[in-house]
Amino acid sequence: MARLVVVSNRVADPRKASAGGLAVALAEFLNSTGGIWFGWSGKVVEPAEGGRAGEAQMHSQQAGPVKLVTLDLSREDHDAYYLGYSNGVLWPVCHYRLDLADFEASDIQGYRRVNQLFARQLAPLLQPDDIVWVHDYHLIPLGSELRALGCQQRIGFFLHVPLPPPPMFAAIPGHDWLMKGLCSYDLVGLQSQADHAHFCQYIQGEFHAQSLEGAQWRVFNRTLCAGAYPIGIDVEEFNALAEAPEARDMYERMKREYSRRKLLVGVDRLDYSKGLPHRLKAFRALLQNYPDTHRSATLIQIASPSREDVGAYTDILHELESLCGSINGNYGELDWMPVRYIHRTVARARLPGLYRASQVALVTPLRDGMNLVAKEFVVAQDPEDPGVLVLSRFAGAAEQLKEALLVNPYDSEGTAEAIHLALQMPLEERRERHRALLAVCKRWDVHWWCDTFLEDLGTTHAQESGTPWLRL
Ligand SMILES: O=P(O)(O)OC[C@H]1O[C@H](O[C@H]2O[C@H](CO)[C@@H](O)[C@H](O)[C@H]2O)[C@H](O)[C@@H](O)[C@@H]1O
Ligand SMILES: O=c1ccn([C@@H]2O[C@H](COP(=O)(O)OP(=O)(O)O)[C@@H](O)[C@H]2O)c(=O)[nH]1
């Protein structure tokens with residue numbers, strides 16, 4: 001069996017149970033096949049005297065059958081590659097926010113430098129039959145850098161964030177270089193059918209790629225495959241987490257504390273793509289338009305700190321704090337605060353209890369690659385008395401979770417109406433919707449995602465498998 005080499009910006013120790021959905025799945029797969037997980041160590045170091053950007057200390061650690069190989073980054077590389085180009089340019093553009101992109105010319109050099117560094121350090125570790133799986137927007141050019149070093153292994157790439165329509169992506173200086181880089185992979189995986197369509201439109205329109213049978217394309221004298229592989233969660237792992245004392249304790253405490261109220265929950269990184277101010281405005285519209293919700297509805301919003309060194313993230317923090325303050329100030333009573341805002345990361349082990357105690361989840365990003373919180377909420381519910389998912393139509397998850405109440409997060413009145421509907425929804429309708437949603441989460445779980453992607457990457461004749469999404 002071929003050895004799997006996973007490459008991602010962040011690397012997690014697969015022996016730690018709380019590593020998160022993606023990490024747990026990749027770890028499980030790596031545990032069964034053995035392999036390497038390669039990426040950034042998470043450490044930023046000042047270069048040694050006389051040292052320069054682009055040089056790095058490599059760490060290697062055996063974690064069961066998985067070898068974790070990580071690199072430190074110099075301050076200069078980290079700032080240009082991670083903060084600057086990945087999160088200051090690619091992240092906003094991929095989330096349709098050209099207005100927030102900071103096209104600082106020097107950052108692209110640092111982005112390229114770190115990708116070259118990754119390729120230089122990884123190439124000597126590769127064996128001829130290895131299968132290499134590269135993840136996310138930080139590492140788009142890694143495939144072509146590996147190819148330039150003579151690596152002929154099968155290399156796949158999965159983009160976790162949305163891919164915007166070609167005219168928007170083309171606003172990035174160097175967009176054609178990035179897309180050409182994607183064409184050096186054997187398989188390019190996108191989260192949704194919409195993202196997949198944008199990829200196909202781009203390579204057809206800009207590179208005159210020729211569509212072959214199945215999901216194959218002929219471009220730059222090579223053949224590649226592309227398809228939608230919506231990521232799922234590890235349902236069994238999440239159920240086990242829900243049974244553990246931490247989640248049970250959380251559930252009991254929430255139920256006790258909010259026995260007289262209906263609980264709404266939001267769990268997000270504090271990121272402008274998650275639409276938190278819009279969500280708060282919708283909640284304010286709910287209180288304004290539906291007085292029956294006064295004293296009865298409480299929103300717990302967890303906003304986990306994220307990328308605080310990027311300017312746009314501090315602006316959103318202030319906006320959110322001010323909105324929560326004004327809603328509580330205007331509507332709160334001595335014995336009821338409408339919003340509980342928590343600006344901290346809550347341990348994943350406690351989340352199933354919080355989800356299960358909530359009547360409604362608000363997952364209303366302005367744009368999201370997938371959104372795993374939506375799936376976690378569904379899986380955590382009691383099927384006999386489930387809560388209702390209010391989901392943005394702009395989350396990748398909306399293509400699959402059609403039985404959720406789909407909303408336009410920009411429309412605060414419409415979203416408020418949907419939240420009110422969710423709070424009033426009869427038990428039978430809740431059960432029916434939940435049954436359908438749970439079936440989707442179970443069928444297209446993270447194992448399906450891993451197995452299907454890797455199976456298709458390992459398949460020499462891609463037309464045999466066709467577009468994975470169409471196979472569902
Ligand atoms: O590594 P960070 O900069 O701290 O950010 C955390 C991760 O955020 C993004 O997650 C995306 O992947 C999820 C799983 O596929 C998906 O559900 C979600 O919609 C995406 O936003 C990012 O893409 C990851 O690389 C980051 O590690
Ligand atoms: O305080 C928090 C906030 C989020 N999460 C987890 O972080 C992941 C967020 O993934 P999602 O796809 O929703 O969005 P991303 O942050 O990757 O854009 C989910 O597994 C959440 O359970 C967590 O453990 N604690």
# chains A, B, ... in the order shown; residues from 1 in each chain; ligands from 1
call {"tool": "residues_around", "arguments": {"residues": "Leu90 of chain A", "least_positions_apart": "2", "cutoff": "10 Å", "atoms": "only C-alpha atoms", "output": "list in words"}}
result
Gly84, Tyr85, Ser86, Asn87, Gly88, Pro92, Val93, Cys94, His95, Tyr96, Arg97, Leu98, Ala101, Asp102, Phe103, Tyr137, His138, Val161, Leu163, Phe169, Ile172 and His175 of chain A
call {"tool": "residues_around", "arguments": {"residues": "segment 192-207 of chain A", "least_positions_apart": "6", "cutoff": "8 Å", "atoms": "only C-alpha atoms", "output": "JSON, numbers by chain"}}
result
{"A": [162, 163, 164, 165, 166, 176, 179, 219, 226, 227, 228, 229, 230, 369, 370, 396, 399, 469]}
call {"tool": "write_last_selection", "arguments": {"atoms": "N, CA and C atoms", "output": "short mmCIF file (atom, residue, chain, number, x, y, z; two decimals), in the first residue's frame"}}
result
data_model
loop_
_atom_site.label_atom_id
_atom_site.label_comp_id
_atom_site.auth_asym_id
_atom_site.auth_seq_id
_atom_site.Cartn_x
_atom_site.Cartn_y
_atom_site.Cartn_z
N PRO A 162 -13.79 28.69 0.17
CA PRO A 162 -14.50 28.77 -1.11
C PRO A 162 -13.57 29.23 -2.24
N LEU A 163 -13.92 28.87 -3.46
CA LEU A 163 -13.22 29.44 -4.62
C LEU A 163 -14.21 30.38 -5.29
N PRO A 164 -13.92 31.68 -5.33
CA PRO A 164 -14.89 32.63 -5.87
C PRO A 164 -14.97 32.55 -7.40
N PRO A 165 -15.96 33.21 -8.00
CA PRO A 165 -16.08 33.19 -9.46
C PRO A 165 -14.83 33.82 -10.10
N PRO A 166 -14.48 33.39 -11.32
CA PRO A 166 -13.23 33.85 -11.94
C PRO A 166 -13.00 35.36 -11.93
N ASP A 176 -3.17 34.09 -12.04
CA ASP A 176 -2.90 33.05 -13.05
C ASP A 176 -1.77 32.12 -12.59
N MET A 179 -3.40 29.72 -10.12
CA MET A 179 -4.24 28.72 -10.78
C MET A 179 -3.39 27.75 -11.59
N VAL A 219 -4.67 20.32 -19.70
CA VAL A 219 -4.20 21.71 -19.65
C VAL A 219 -2.70 21.71 -19.37
N ALA A 226 -10.67 17.16 -11.26
CA ALA A 226 -11.18 18.09 -10.24
C ALA A 226 -12.58 17.66 -9.85
N GLY A 227 -12.93 17.88 -8.61
CA GLY A 227 -14.27 17.50 -8.17
C GLY A 227 -14.62 18.11 -6.84
N ALA A 228 -15.90 18.02 -6.49
CA ALA A 228 -16.36 18.51 -5.19
C ALA A 228 -16.35 17.35 -4.20
N TYR A 229 -15.67 17.54 -3.08
CA TYR A 229 -15.58 16.54 -2.02
C TYR A 229 -15.93 17.24 -0.71
N PRO A 230 -17.21 17.43 -0.43
CA PRO A 230 -17.59 18.17 0.78
C PRO A 230 -17.10 17.46 2.05
N GLY A 369 -16.25 27.94 3.56
CA GLY A 369 -15.91 26.78 2.74
C GLY A 369 -16.91 25.66 2.98
N MET A 370 -17.03 25.22 4.23
CA MET A 370 -18.03 24.22 4.58
C MET A 370 -18.81 24.70 5.80
N GLY A 396 -20.76 26.47 2.56
CA GLY A 396 -20.66 25.28 1.72
C GLY A 396 -21.64 24.21 2.19
N GLU A 399 -25.26 23.37 0.61
CA GLU A 399 -25.53 22.51 -0.56
C GLU A 399 -26.00 21.13 -0.13
N TRP A 469 -18.93 14.12 -6.69
CA TRP A 469 -20.20 14.63 -6.19
C TRP A 469 -21.36 13.99 -6.93
#
call {"tool": "residues_near_ligand", "arguments": {"ligand": "ligand 1", "cutoff": "10 Å", "atoms": "only C-alpha atoms and all ligand atoms", "output": "MDAnalysis selection string"}}
result
chainID A and resid 8:11 20:23 42 82:83 86:87 91 95 135:139 158:162 190:191 230:233 268:269 271 273:274 304:308 365 367:375 395:397 446
call {"tool": "select_by_dssp", "arguments": {"residues": "segment 203-370 of chain A", "states": "strand (DSSP E or B)", "output": "PyMOL selection string"}}
result
chain A and resi 210-211+216-219+222-228+262-269+297-304+333+336+339-342+360-363+368
call {"tool": "write_last_selection", "arguments": {"atoms": "C-alpha atoms", "output": "PDB file, in the first residue's frame"}}
result
ATOM      1  CA  GLN A 210      -9.969  21.006 -22.590  1.00  0.00           C
ATOM      2  CA  SER A 211     -12.642  19.003 -20.865  1.00  0.00           C
ATOM      3  CA  GLN A 216     -10.650  15.183 -16.254  1.00  0.00           C
ATOM      4  CA  TRP A 217      -9.049  18.226 -17.836  1.00  0.00           C
ATOM      5  CA  ARG A 218      -6.200  18.571 -20.303  1.00  0.00           C
ATOM      6  CA  VAL A 219      -4.200  21.707 -19.646  1.00  0.00           C
ATOM      7  CA  ARG A 222      -0.959  17.342 -18.579  1.00  0.00           C
ATOM      8  CA  THR A 223      -4.166  15.741 -17.342  1.00  0.00           C
ATOM      9  CA  LEU A 224      -5.719  16.530 -14.011  1.00  0.00           C
ATOM     10  CA  CYS A 225      -8.948  15.770 -12.251  1.00  0.00           C
ATOM     11  CA  ALA A 226     -11.176  18.094 -10.245  1.00  0.00           C
ATOM     12  CA  GLY A 227     -14.271  17.498  -8.172  1.00  0.00           C
ATOM     13  CA  ALA A 228     -16.364  18.510  -5.190  1.00  0.00           C
ATOM     14  CA  LYS A 262     -34.972  28.976  24.871  1.00  0.00           C
ATOM     15  CA  LEU A 263     -31.321  28.826  24.100  1.00  0.00           C
ATOM     16  CA  LEU A 264     -29.807  29.888  20.784  1.00  0.00           C
ATOM     17  CA  VAL A 265     -26.164  29.107  20.142  1.00  0.00           C
ATOM     18  CA  GLY A 266     -23.424  30.364  17.834  1.00  0.00           C
ATOM     19  CA  VAL A 267     -19.891  28.914  17.814  1.00  0.00           C
ATOM     20  CA  ASP A 268     -17.365  30.509  15.509  1.00  0.00           C
ATOM     21  CA  ARG A 269     -13.832  31.741  15.172  1.00  0.00           C
ATOM     22  CA  ALA A 297     -34.705  33.780  24.163  1.00  0.00           C
ATOM     23  CA  THR A 298     -31.031  33.890  25.070  1.00  0.00           C
ATOM     24  CA  LEU A 299     -28.216  33.796  22.530  1.00  0.00           C
ATOM     25  CA  ILE A 300     -24.895  32.324  23.625  1.00  0.00           C
ATOM     26  CA  GLN A 301     -22.295  33.453  21.126  1.00  0.00           C
ATOM     27  CA  ILE A 302     -18.838  31.944  21.384  1.00  0.00           C
ATOM     28  CA  ALA A 303     -16.294  33.881  19.354  1.00  0.00           C
ATOM     29  CA  SER A 304     -12.976  32.113  19.485  1.00  0.00           C
ATOM     30  CA  GLU A 333     -33.798  43.033  32.280  1.00  0.00           C
ATOM     31  CA  TRP A 336     -32.534  38.306  31.720  1.00  0.00           C
ATOM     32  CA  VAL A 339     -26.856  37.932  24.643  1.00  0.00           C
ATOM     33  CA  ARG A 340     -24.045  36.090  26.362  1.00  0.00           C
ATOM     34  CA  TYR A 341     -20.916  36.841  24.421  1.00  0.00           C
ATOM     35  CA  ILE A 342     -17.823  34.741  25.132  1.00  0.00           C
ATOM     36  CA  VAL A 360     -31.579  26.719  17.763  1.00  0.00           C
ATOM     37  CA  ALA A 361     -28.117  27.010  16.220  1.00  0.00           C
ATOM     38  CA  LEU A 362     -27.257  30.139  14.278  1.00  0.00           C
ATOM     39  CA  VAL A 363     -24.706  29.278  11.607  1.00  0.00           C
ATOM     40  CA  ASP A 368     -17.738  29.689   4.354  1.00  0.00           C
TER      41      ASP A 368
END
call {"tool": "closest_residue", "arguments": {"among": "A:Ala25, A:Ile155, A:Ala282, A:Ala215", "to": "Ile327 of chain A", "atoms": "only C-alpha atoms"}}
result
A:Ala282
call {"tool": "select_by_dssp", "arguments": {"residues": "segment 290-422 of chain A", "states": "helix (DSSP H, G or I)", "output": "PyMOL selection string"}}
result
chain A and resi 291-293+311-331+348-356+372-380+396-399+412-422
call {"tool": "write_last_selection", "arguments": {"atoms": "C-alpha atoms", "output": "PDB file, in the first residue's frame"}}
result
ATOM      1  CA  PRO A 291     -41.959  40.673  21.663  1.00  0.00           C
ATOM      2  CA  ASP A 292     -42.862  37.085  22.673  1.00  0.00           C
ATOM      3  CA  THR A 293     -39.103  36.384  22.577  1.00  0.00           C
ATOM      4  CA  GLY A 311      -6.012  44.240  10.996  1.00  0.00           C
ATOM      5  CA  ALA A 312      -9.488  43.287   9.762  1.00  0.00           C
ATOM      6  CA  TYR A 313      -9.872  40.930  12.734  1.00  0.00           C
ATOM      7  CA  THR A 314      -9.506  43.687  15.339  1.00  0.00           C
ATOM      8  CA  ASP A 315     -12.137  45.862  13.642  1.00  0.00           C
ATOM      9  CA  ILE A 316     -14.710  43.060  13.855  1.00  0.00           C
ATOM     10  CA  LEU A 317     -13.937  42.506  17.537  1.00  0.00           C
ATOM     11  CA  HIS A 318     -14.879  46.093  18.409  1.00  0.00           C
ATOM     12  CA  GLU A 319     -18.003  46.055  16.268  1.00  0.00           C
ATOM     13  CA  LEU A 320     -19.202  42.859  17.920  1.00  0.00           C
ATOM     14  CA  GLU A 321     -18.555  44.046  21.457  1.00  0.00           C
ATOM     15  CA  SER A 322     -20.447  47.235  20.806  1.00  0.00           C
ATOM     16  CA  LEU A 323     -23.436  45.401  19.260  1.00  0.00           C
ATOM     17  CA  CYS A 324     -23.687  42.947  22.168  1.00  0.00           C
ATOM     18  CA  GLY A 325     -23.468  45.825  24.638  1.00  0.00           C
ATOM     19  CA  SER A 326     -26.199  47.825  22.933  1.00  0.00           C
ATOM     20  CA  ILE A 327     -28.582  44.844  22.597  1.00  0.00           C
ATOM     21  CA  ASN A 328     -28.168  43.950  26.279  1.00  0.00           C
ATOM     22  CA  GLY A 329     -28.453  47.609  27.247  1.00  0.00           C
ATOM     23  CA  ASN A 330     -31.647  48.147  25.251  1.00  0.00           C
ATOM     24  CA  TYR A 331     -33.460  44.874  25.860  1.00  0.00           C
ATOM     25  CA  ARG A 348     -14.300  20.975  21.781  1.00  0.00           C
ATOM     26  CA  ALA A 349     -15.118  18.323  24.399  1.00  0.00           C
ATOM     27  CA  ARG A 350     -17.721  20.647  25.941  1.00  0.00           C
ATOM     28  CA  LEU A 351     -19.427  21.650  22.709  1.00  0.00           C
ATOM     29  CA  PRO A 352     -21.717  18.604  22.221  1.00  0.00           C
ATOM     30  CA  GLY A 353     -23.365  19.377  25.578  1.00  0.00           C
ATOM     31  CA  LEU A 354     -23.878  23.012  24.646  1.00  0.00           C
ATOM     32  CA  TYR A 355     -25.283  22.118  21.216  1.00  0.00           C
ATOM     33  CA  ARG A 356     -27.694  19.548  22.686  1.00  0.00           C
ATOM     34  CA  LEU A 372     -18.290  21.982  10.490  1.00  0.00           C
ATOM     35  CA  VAL A 373     -20.166  23.553  13.412  1.00  0.00           C
ATOM     36  CA  ALA A 374     -23.409  23.119  11.419  1.00  0.00           C
ATOM     37  CA  LYS A 375     -22.775  19.370  11.143  1.00  0.00           C
ATOM     38  CA  GLU A 376     -21.646  19.042  14.764  1.00  0.00           C
ATOM     39  CA  PHE A 377     -24.874  20.705  15.938  1.00  0.00           C
ATOM     40  CA  VAL A 378     -27.004  18.241  13.952  1.00  0.00           C
ATOM     41  CA  VAL A 379     -25.103  15.211  15.242  1.00  0.00           C
ATOM     42  CA  ALA A 380     -25.306  16.368  18.869  1.00  0.00           C
ATOM     43  CA  GLY A 396     -20.661  25.280   1.718  1.00  0.00           C
ATOM     44  CA  ALA A 397     -22.742  23.121   4.079  1.00  0.00           C
ATOM     45  CA  ALA A 398     -25.962  24.585   2.609  1.00  0.00           C
ATOM     46  CA  GLU A 399     -25.526  22.510  -0.562  1.00  0.00           C
ATOM     47  CA  SER A 412     -31.572  40.755   9.064  1.00  0.00           C
ATOM     48  CA  GLU A 413     -35.391  40.928   8.954  1.00  0.00           C
ATOM     49  CA  GLY A 414     -35.620  37.698   6.927  1.00  0.00           C
ATOM     50  CA  THR A 415     -33.140  35.966   9.232  1.00  0.00           C
ATOM     51  CA  ALA A 416     -35.088  37.143  12.291  1.00  0.00           C
ATOM     52  CA  GLU A 417     -38.246  35.659  10.773  1.00  0.00           C
ATOM     53  CA  ALA A 418     -36.483  32.318  10.238  1.00  0.00           C
ATOM     54  CA  ILE A 419     -35.174  32.322  13.823  1.00  0.00           C
ATOM     55  CA  HIS A 420     -38.694  32.962  15.089  1.00  0.00           C
ATOM     56  CA  LEU A 421     -39.964  30.098  12.952  1.00  0.00           C
ATOM     57  CA  ALA A 422     -37.243  27.872  14.393  1.00  0.00           C
TER      58      ALA A 422
END
call {"tool": "closest_residue", "arguments": {"among": "A:Leu182, A:Val132, A:Ala209, A:Val390", "to": "Leu423 of chain A", "atoms": "only C-alpha atoms"}}
result
A:Val390
call {"tool": "closest_residue", "arguments": {"among": "A:Lys180, A:Leu406, A:Val89, A:Gln127", "to": "Glu145 of chain A", "atoms": "only C-alpha atoms"}}
result
A:Lys180
call {"tool": "residues_around", "arguments": {"residues": "Arg75 of chain A", "least_positions_apart": "3", "cutoff": "8 Å", "atoms": "only C-alpha atoms", "output": "list in words"}}
result
Val44, Val45, Glu46, Pro47, Ala53, His78 and Asp79 of chain A
call {"tool": "write_last_selection", "arguments": {"atoms": "N, CA and C atoms", "output": "tab-separated table (two decimals), in the first residue's frame"}}
result
chain	number	residue	atom	x	y	z
A	44	VAL	N	7.38	30.71	15.64
A	44	VAL	CA	8.02	31.78	14.87
A	44	VAL	C	9.33	32.09	15.58
A	45	VAL	N	10.42	32.00	14.84
A	45	VAL	CA	11.73	32.20	15.48
A	45	VAL	C	12.46	33.36	14.81
A	46	GLU	N	13.26	34.04	15.57
A	46	GLU	CA	14.10	35.07	14.97
A	46	GLU	C	15.25	34.31	14.31
A	47	PRO	N	15.66	34.72	13.08
A	47	PRO	CA	16.74	33.96	12.43
A	47	PRO	C	18.04	34.07	13.22
A	53	ALA	N	15.65	35.01	5.95
A	53	ALA	CA	14.34	34.42	5.72
A	53	ALA	C	14.49	33.27	4.74
A	78	HIS	N	6.95	34.21	8.29
A	78	HIS	CA	5.63	34.03	8.88
A	78	HIS	C	4.73	35.22	8.54
A	79	ASP	N	5.28	36.43	8.70
A	79	ASP	CA	4.45	37.61	8.49
A	79	ASP	C	4.01	37.74	7.03
